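One structure is given here, and the rest of the page talks about it.
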Amino acid sequence: MVASLYNKEEEQKAIWVFLERQNESLKPVSLELLSKGRELADQMGWNLSGLLLGGHVAELVPDAFLYGADDVILFEHPLLELFTVDTYSYAVYQAIDVYKPSVCLFGATADGRDLAGRLAVRLRTGLNADCTDLRMAKDSGVLICEVSGFGGGILALIEMESHRPQMATVRPGVFLTSPVDTINPEQVIRFPVEIPDEIVRTSVIERVVGQGVDLTTAPVLVAGGRGMEDRFDLLEELARLLDGDYGATRPPVDDGYIERERQIGQTGVVCRPDVAITCGISGAFHFVVGIQDAGTIIAINSDPEAPIFEYADYCIVGDVNEIVPSLINALRKAEGNEEPGHRSPSITPVV
Ligand SMILES: Cc1cc2nc3c(=O)[nH]c(=O)nc-3n(C[C@H](O)[C@H](O)[C@H](O)COP(=O)(O)OP(=O)(O)OC[C@H]3O[C@@H](n4cnc5c(N)ncnc54)[C@H](O)[C@@H]3O)c2cc1C
């Protein structure tokens, strides 16, 4: 096996979290990783550092302390204003080479995955992707990464005995955020970055900002499956009336009825809404992992034997083409905006 660039004997007892920016704040997944990192660092008596890169980003540093960082390693350079894997991997590699942290955590986002993969190859270490849980072995300082495999049929625990750093990506929504009660004495380490021209092989020609769908923050999530066919306009309206957002299982995404960023589940996003309403969804494990931590799950399915009912708090056996429009109309009525001539079907909840 190829040796990593440094090993366990040389490591610094520290956990690093790559902090991603979104507009003028830190991304929720970065705060989630800081919160989990704080828990692990406390357990081990280790240091927790946030890595913040950008053009002028020092104003975001206090958020990292609020979510538990002991210090922030700050990289400011005009070429770091926008993410490119060339410049970011170059800068972070320099710092890892100097400080030799034991653990490096990244969000399983487009940028986090890109950066973590590039660094793992350069550092000749392993990368545990899409972890569903992280813990530390107290005696050995080994990071234990839980990942699901074989289509969700098994959960595997992966450890790196000697390769360092121990790297992992975690998808948004897997961990909770918890601001700390007491902020540690704030320490900012400015890492001097020189980025040679020759390492920059990509340049940003145009920046197109999408609508910025973030299902992980919706208090009410309406999810549609194959049973909705192409009627996602109904779910959008239902979500709007409930002040929530809407998403889907994989088949409607694959069929092009809804954008991929709205896919919920193992290969989509993991959400923890107060209320999840599933419409025409069978309840495959790959989907359920994306909503199983919802406060309340309401499932609508025409098949009384559908597996989704095993996870639901409220089970409605019926046709989504009748029930969803009825719900919309009832909510519109409450708003004083009922569709004329609409009749509600009788629905029998089975709890
Ligand atoms: C490696 C891997 C990763 C995957 N990742 C994901 C993932 O991230 N997210 C995900 O969702 N899937 C994922 N899948 C796919 C997953 O296994 C299921 O195939 C998928 O979740 C099924 O979606 P569904 O419930 O919409 O469709 P189906 O299983 O076809 O279920 C449709 C349901 O709709 C009901 N129905 C039909 N008509 C009506 C009606 N008129 N009224 C009410 N109910 C109706 C039916 O009774 C049925 O229960 C993954 C699969 C693999 C192999």
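The chains in the structure tokens are called A, B, ... from first to last as shown; in each chain the residues are counted from 1, and the ligands are counted from 1 in the order shown.
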Find the residues around segment 103-107 of chain A up to 7 Å (only C-alpha atoms counted), leave out those fewer than 6 positions away in its own chain, and share them as number ranges by chain.
-> A: 14-18, 29-30, 116, 165-172
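Of the residues in segment 170-280 of chain A, those given strand (DSSP E or B) by DSSP on the backbone are Val170, Gln187, Val188, Ile189, Arg190, Val220, Leu221, Val222, Ala223, Gly224, Asp245, Tyr246, Gly247, Ala248, Gln263, Ile264, Val269, Val275, Ala276, Ile277, Thr278 and Cys279 of chain A.
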Pull C-alpha atoms from the residues just selected and write them as a short mmCIF file (atom, residue, chain, number, x, y, z; two decimals), in the first residue's frame.
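Saved the output as selection.cif:
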data_model
loop_
_atom_site.label_atom_id
_atom_site.label_comp_id
_atom_site.auth_asym_id
_atom_site.auth_seq_id
_atom_site.Cartn_x
_atom_site.Cartn_y
_atom_site.Cartn_z
CA VAL A 170 -20.73 14.25 4.76
CA GLN A 187 -7.79 32.85 17.26
CA VAL A 188 -7.37 33.61 13.58
CA ILE A 189 -4.34 32.16 11.83
CA ARG A 190 -3.69 33.99 8.57
CA VAL A 220 -42.63 21.56 5.75
CA LEU A 221 -41.51 19.32 2.91
CA VAL A 222 -43.93 17.95 0.32
CA ALA A 223 -42.35 15.06 -1.57
CA GLY A 224 -43.71 13.45 -4.71
CA ASP A 245 -40.85 23.46 -0.16
CA TYR A 246 -41.23 20.46 -2.45
CA GLY A 247 -38.99 17.65 -3.59
CA ALA A 248 -39.15 14.20 -5.15
CA GLN A 263 -34.12 14.84 -5.17
CA ILE A 264 -34.45 13.54 -1.63
CA VAL A 269 -30.51 15.52 0.05
CA VAL A 275 -43.52 17.81 8.71
CA ALA A 276 -42.96 15.68 5.60
CA ILE A 277 -45.89 14.81 3.31
CA THR A 278 -45.10 12.01 0.86
CA CYS A 279 -47.36 11.69 -2.19
#
Using only C-alpha atoms and all ligand atoms, determine which residues fall within 8 Å of ligand 1, then list them as a ChimeraX atom specification.
-> /A:150-152,224-229,248-252,263-269,279-288,290,300-303,306-308,317-321
Residues just named, written with C-alpha atoms as a PDB file, in the first residue's frame:
ATOM      1  CA  PHE A 150     -24.829  -2.210  -1.595  1.00  0.00           C
ATOM      2  CA  GLY A 151     -27.793   0.034  -2.249  1.00  0.00           C
ATOM      3  CA  GLY A 152     -28.329   0.770   1.424  1.00  0.00           C
ATOM      4  CA  GLY A 224     -43.707  13.450  -4.709  1.00  0.00           C
ATOM      5  CA  GLY A 225     -42.951  10.088  -6.247  1.00  0.00           C
ATOM      6  CA  ARG A 226     -43.739   8.189  -9.408  1.00  0.00           C
ATOM      7  CA  GLY A 227     -47.386   8.136  -8.355  1.00  0.00           C
ATOM      8  CA  MET A 228     -47.584  11.902  -8.976  1.00  0.00           C
ATOM      9  CA  GLU A 229     -46.681  11.322 -12.645  1.00  0.00           C
ATOM     10  CA  ALA A 248     -39.147  14.200  -5.145  1.00  0.00           C
ATOM     11  CA  THR A 249     -37.925  10.652  -5.293  1.00  0.00           C
ATOM     12  CA  ARG A 250     -35.457   9.698  -7.984  1.00  0.00           C
ATOM     13  CA  PRO A 251     -37.840   8.453 -10.733  1.00  0.00           C
ATOM     14  CA  PRO A 252     -39.551  11.854 -11.339  1.00  0.00           C
ATOM     15  CA  GLN A 263     -34.118  14.844  -5.170  1.00  0.00           C
ATOM     16  CA  ILE A 264     -34.448  13.539  -1.627  1.00  0.00           C
ATOM     17  CA  GLY A 265     -32.699  10.451  -0.312  1.00  0.00           C
ATOM     18  CA  GLN A 266     -29.444   8.599  -0.310  1.00  0.00           C
ATOM     19  CA  THR A 267     -28.161  10.153  -3.512  1.00  0.00           C
ATOM     20  CA  GLY A 268     -30.145  13.348  -3.026  1.00  0.00           C
ATOM     21  CA  VAL A 269     -30.506  15.520   0.052  1.00  0.00           C
ATOM     22  CA  CYS A 279     -47.355  11.688  -2.190  1.00  0.00           C
ATOM     23  CA  GLY A 280     -47.329   8.612  -4.409  1.00  0.00           C
ATOM     24  CA  ILE A 281     -44.058   7.313  -2.929  1.00  0.00           C
ATOM     25  CA  SER A 282     -43.555   3.605  -2.219  1.00  0.00           C
ATOM     26  CA  GLY A 283     -41.025   4.008   0.612  1.00  0.00           C
ATOM     27  CA  ALA A 284     -37.794   2.505  -0.743  1.00  0.00           C
ATOM     28  CA  PHE A 285     -34.888   2.678   1.719  1.00  0.00           C
ATOM     29  CA  HIS A 286     -32.956   4.980  -0.635  1.00  0.00           C
ATOM     30  CA  PHE A 287     -35.710   7.573  -0.321  1.00  0.00           C
ATOM     31  CA  VAL A 288     -36.632   7.036   3.330  1.00  0.00           C
ATOM     32  CA  GLY A 290     -33.826  11.413   3.295  1.00  0.00           C
ATOM     33  CA  ILE A 300     -50.494   9.326   0.828  1.00  0.00           C
ATOM     34  CA  ASN A 301     -50.508   6.185  -1.299  1.00  0.00           C
ATOM     35  CA  SER A 302     -53.229   4.218  -3.094  1.00  0.00           C
ATOM     36  CA  ASP A 303     -51.654   0.903  -2.057  1.00  0.00           C
ATOM     37  CA  ALA A 306     -46.969   0.392   0.541  1.00  0.00           C
ATOM     38  CA  PRO A 307     -43.796   0.224   2.721  1.00  0.00           C
ATOM     39  CA  ILE A 308     -43.900   4.002   3.299  1.00  0.00           C
ATOM     40  CA  VAL A 317     -54.817   5.398   1.584  1.00  0.00           C
ATOM     41  CA  GLY A 318     -56.080   7.060  -1.560  1.00  0.00           C
ATOM     42  CA  ASP A 319     -55.403   8.608  -4.940  1.00  0.00           C
ATOM     43  CA  VAL A 320     -53.040  11.590  -4.925  1.00  0.00           C
ATOM     44  CA  ASN A 321     -54.974  13.036  -7.859  1.00  0.00           C
TER      45      ASN A 321
END
Two-atom distance - atom CA of Ser326 of chain A, atom CA of Pro219 of chain A (Å) | 21.5 Å
Write out as JSON, numbers by chain each polymer residue whose atoms come within 9 Å of Ser178 of chain A, counting only C-alpha atoms; drop sequence neighbours fewer than 4 positions from it.
-> {"A": [31, 32, 34, 35, 36, 66, 67, 68]}
Which of these, A:Thr84, A:Asn184, A:Thr109, A:Ser4, has the shortest distance to Leu48 of chain A once you count only C-alpha atoms?
-> A:Asn184
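Taking atom CA of Leu80 of chain A and atom CA of Ala129 of chain A as the two end points, the separation is 24.5 Å.
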Please, what distance in Å, to one decimal, runs between atom CA of Leu74 of chain A and atom CA of Glu159 of chain A?
->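 Separation of atom CA of Leu74 of chain A and atom CA of Glu159 of chain A: 29.3 Å.
Minimum distance to Asp114 of chain A across A:Val85, A:Asp97, A:Ser203, A:Asp130 (counting only C-alpha atoms) occurs at A:Val85.
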So which residues of segment 2-126 of chain A fall under helix (DSSP H, G or I) by DSSP, listed as number ranges by chain?
-> A: 28-44, 58-66, 78-80, 85-99, 110-123
Residues of segment 145-236 of chain A at most 9 Å from segment 86-89 of chain A: nearest atom pair and distance in Å, only C-alpha atoms, as CSV:
residue,atom,partner,partner_atom,distance
A:Ile195,CA,A:Thr87,CA,7.0
A:Ile199,CA,A:Asp86,CA,6.5
A:Val200,CA,A:Asp86,CA,5.7
A:Arg201,CA,A:Asp86,CA,6.7
A:Thr202,CA,A:Asp86,CA,7.1
Include all heavy atoms and write out the residues we just selected as a tab-separated table (two decimals), in the first residue's frame.
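Everything below was put into result_22.tsv:
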chain	number	residue	atom	x	y	z
A	195	ILE	N	-0.06	31.97	-4.90
A	195	ILE	CA	-0.56	31.02	-5.90
A	195	ILE	C	0.14	31.28	-7.22
A	195	ILE	O	-0.13	32.28	-7.89
A	195	ILE	CB	-2.10	31.15	-6.04
A	195	ILE	CG1	-2.76	30.86	-4.68
A	195	ILE	CG2	-2.61	30.18	-7.10
A	195	ILE	CD1	-4.25	30.98	-4.66
A	199	ILE	N	-0.19	27.03	-11.82
A	199	ILE	CA	-1.07	25.97	-11.28
A	199	ILE	C	-2.54	26.22	-11.64
A	199	ILE	O	-3.38	25.38	-11.45
A	199	ILE	CB	-0.91	25.81	-9.75
A	199	ILE	CG1	-1.43	27.04	-8.99
A	199	ILE	CG2	0.51	25.48	-9.35
A	199	ILE	CD1	-2.69	26.75	-8.26
A	200	VAL	N	-2.83	27.42	-12.14
A	200	VAL	CA	-4.24	27.74	-12.43
A	200	VAL	C	-4.57	27.27	-13.84
A	200	VAL	O	-4.19	27.88	-14.83
A	200	VAL	CB	-4.50	29.26	-12.30
A	200	VAL	CG1	-5.97	29.57	-12.52
A	200	VAL	CG2	-4.03	29.76	-10.95
A	201	ARG	N	-5.28	26.14	-13.92
A	201	ARG	CA	-5.61	25.56	-15.24
A	201	ARG	C	-7.06	25.80	-15.62
A	201	ARG	O	-7.50	25.46	-16.69
A	201	ARG	CB	-5.31	24.06	-15.24
A	201	ARG	CG	-3.82	23.78	-15.26
A	201	ARG	CD	-3.52	22.33	-15.00
A	201	ARG	NE	-3.93	21.98	-13.63
A	201	ARG	CZ	-3.75	20.78	-13.09
A	201	ARG	NH1	-3.19	19.84	-13.78
A	201	ARG	NH2	-4.14	20.55	-11.85
A	202	THR	N	-7.84	26.33	-14.67
A	202	THR	CA	-9.24	26.63	-14.98
A	202	THR	C	-9.50	28.08	-14.62
A	202	THR	O	-8.92	28.62	-13.68
A	202	THR	CB	-10.20	25.76	-14.15
A	202	THR	OG1	-9.80	25.81	-12.79
A	202	THR	CG2	-10.24	24.33	-14.64
Exercise: Glu9 of chain A partners within 12 Å, only C-alpha atoms, chain neighbours under 2 positions left out, as a PyMOL selection string | chain A and resi 4-7+11-13+100-102+140-141+161-165
Any idea what's packed within 12 Å of Phe191 of chain A, counting only C-alpha atoms, ignoring anything in its chain fewer than 6 positions away? Could you give it as a list in words?
->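 Skipping anything fewer than 6 positions along the chain leaves Leu51, Leu52, Leu53, Gly54, Val72, Ile73, Leu74, Phe75, Glu76, His77, Ala91, Val92, Tyr93, Gln94, Ala95, Ile96, Val98 and Tyr99 of chain A.
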May I have the selected residues written with N, CA and C atoms, as an mmCIF file, in the first residue's frame?
data_model
loop_
_atom_site.group_PDB
_atom_site.id
_atom_site.type_symbol
_atom_site.label_atom_id
_atom_site.label_comp_id
_atom_site.auth_asym_id
_atom_site.auth_seq_id
_atom_site.Cartn_x
_atom_site.Cartn_y
_atom_site.Cartn_z
ATOM 1 N N LEU A 51 -11.382 26.014 8.138
ATOM 2 C CA LEU A 51 -10.552 26.526 7.035
ATOM 3 C C LEU A 51 -11.417 27.433 6.195
ATOM 4 N N LEU A 52 -11.066 28.713 6.120
ATOM 5 C CA LEU A 52 -11.896 29.669 5.389
ATOM 6 C C LEU A 52 -11.064 30.301 4.282
ATOM 7 N N LEU A 53 -11.527 30.131 3.046
ATOM 8 C CA LEU A 53 -10.794 30.644 1.887
ATOM 9 C C LEU A 53 -11.666 31.623 1.116
ATOM 10 N N GLY A 54 -11.033 32.664 0.556
ATOM 11 C CA GLY A 54 -11.804 33.607 -0.261
ATOM 12 C C GLY A 54 -10.967 34.834 -0.575
ATOM 13 N N VAL A 72 -9.572 29.654 13.424
ATOM 14 C CA VAL A 72 -9.884 29.648 11.992
ATOM 15 C C VAL A 72 -8.590 29.908 11.241
ATOM 16 N N ILE A 73 -8.322 29.048 10.264
ATOM 17 C CA ILE A 73 -7.157 29.262 9.397
ATOM 18 C C ILE A 73 -7.694 29.991 8.167
ATOM 19 N N LEU A 74 -7.226 31.211 8.002
ATOM 20 C CA LEU A 74 -7.802 32.107 6.996
ATOM 21 C C LEU A 74 -6.853 32.253 5.819
ATOM 22 N N PHE A 75 -7.392 31.984 4.622
ATOM 23 C CA PHE A 75 -6.611 32.117 3.389
ATOM 24 C C PHE A 75 -7.292 33.205 2.579
ATOM 25 N N GLU A 76 -6.663 34.355 2.419
ATOM 26 C CA GLU A 76 -7.261 35.414 1.592
ATOM 27 C C GLU A 76 -6.336 35.718 0.413
ATOM 28 N N HIS A 77 -6.933 35.649 -0.793
ATOM 29 C CA HIS A 77 -6.166 35.887 -2.019
ATOM 30 C C HIS A 77 -7.192 36.159 -3.122
ATOM 31 N N ALA A 91 -3.874 25.728 -2.146
ATOM 32 C CA ALA A 91 -3.769 26.462 -0.877
ATOM 33 C C ALA A 91 -3.944 25.533 0.329
ATOM 34 N N VAL A 92 -4.970 24.683 0.283
ATOM 35 C CA VAL A 92 -5.235 23.821 1.447
ATOM 36 C C VAL A 92 -4.112 22.788 1.609
ATOM 37 N N TYR A 93 -3.603 22.305 0.488
ATOM 38 C CA TYR A 93 -2.495 21.342 0.568
ATOM 39 C C TYR A 93 -1.306 21.954 1.320
ATOM 40 N N GLN A 94 -1.005 23.233 0.997
ATOM 41 C CA GLN A 94 0.135 23.880 1.666
ATOM 42 C C GLN A 94 -0.059 23.867 3.191
ATOM 43 N N ALA A 95 -1.278 24.179 3.616
ATOM 44 C CA ALA A 95 -1.541 24.251 5.062
ATOM 45 C C ALA A 95 -1.508 22.866 5.701
ATOM 46 N N ILE A 96 -2.076 21.882 5.008
ATOM 47 C CA ILE A 96 -2.055 20.518 5.566
ATOM 48 C C ILE A 96 -0.612 20.043 5.705
ATOM 49 N N VAL A 98 1.958 21.806 6.316
ATOM 50 C CA VAL A 98 2.616 22.475 7.449
ATOM 51 C C VAL A 98 2.094 21.925 8.775
ATOM 52 N N TYR A 99 0.751 21.865 8.908
ATOM 53 C CA TYR A 99 0.168 21.551 10.230
ATOM 54 C C TYR A 99 -0.098 20.062 10.466
#
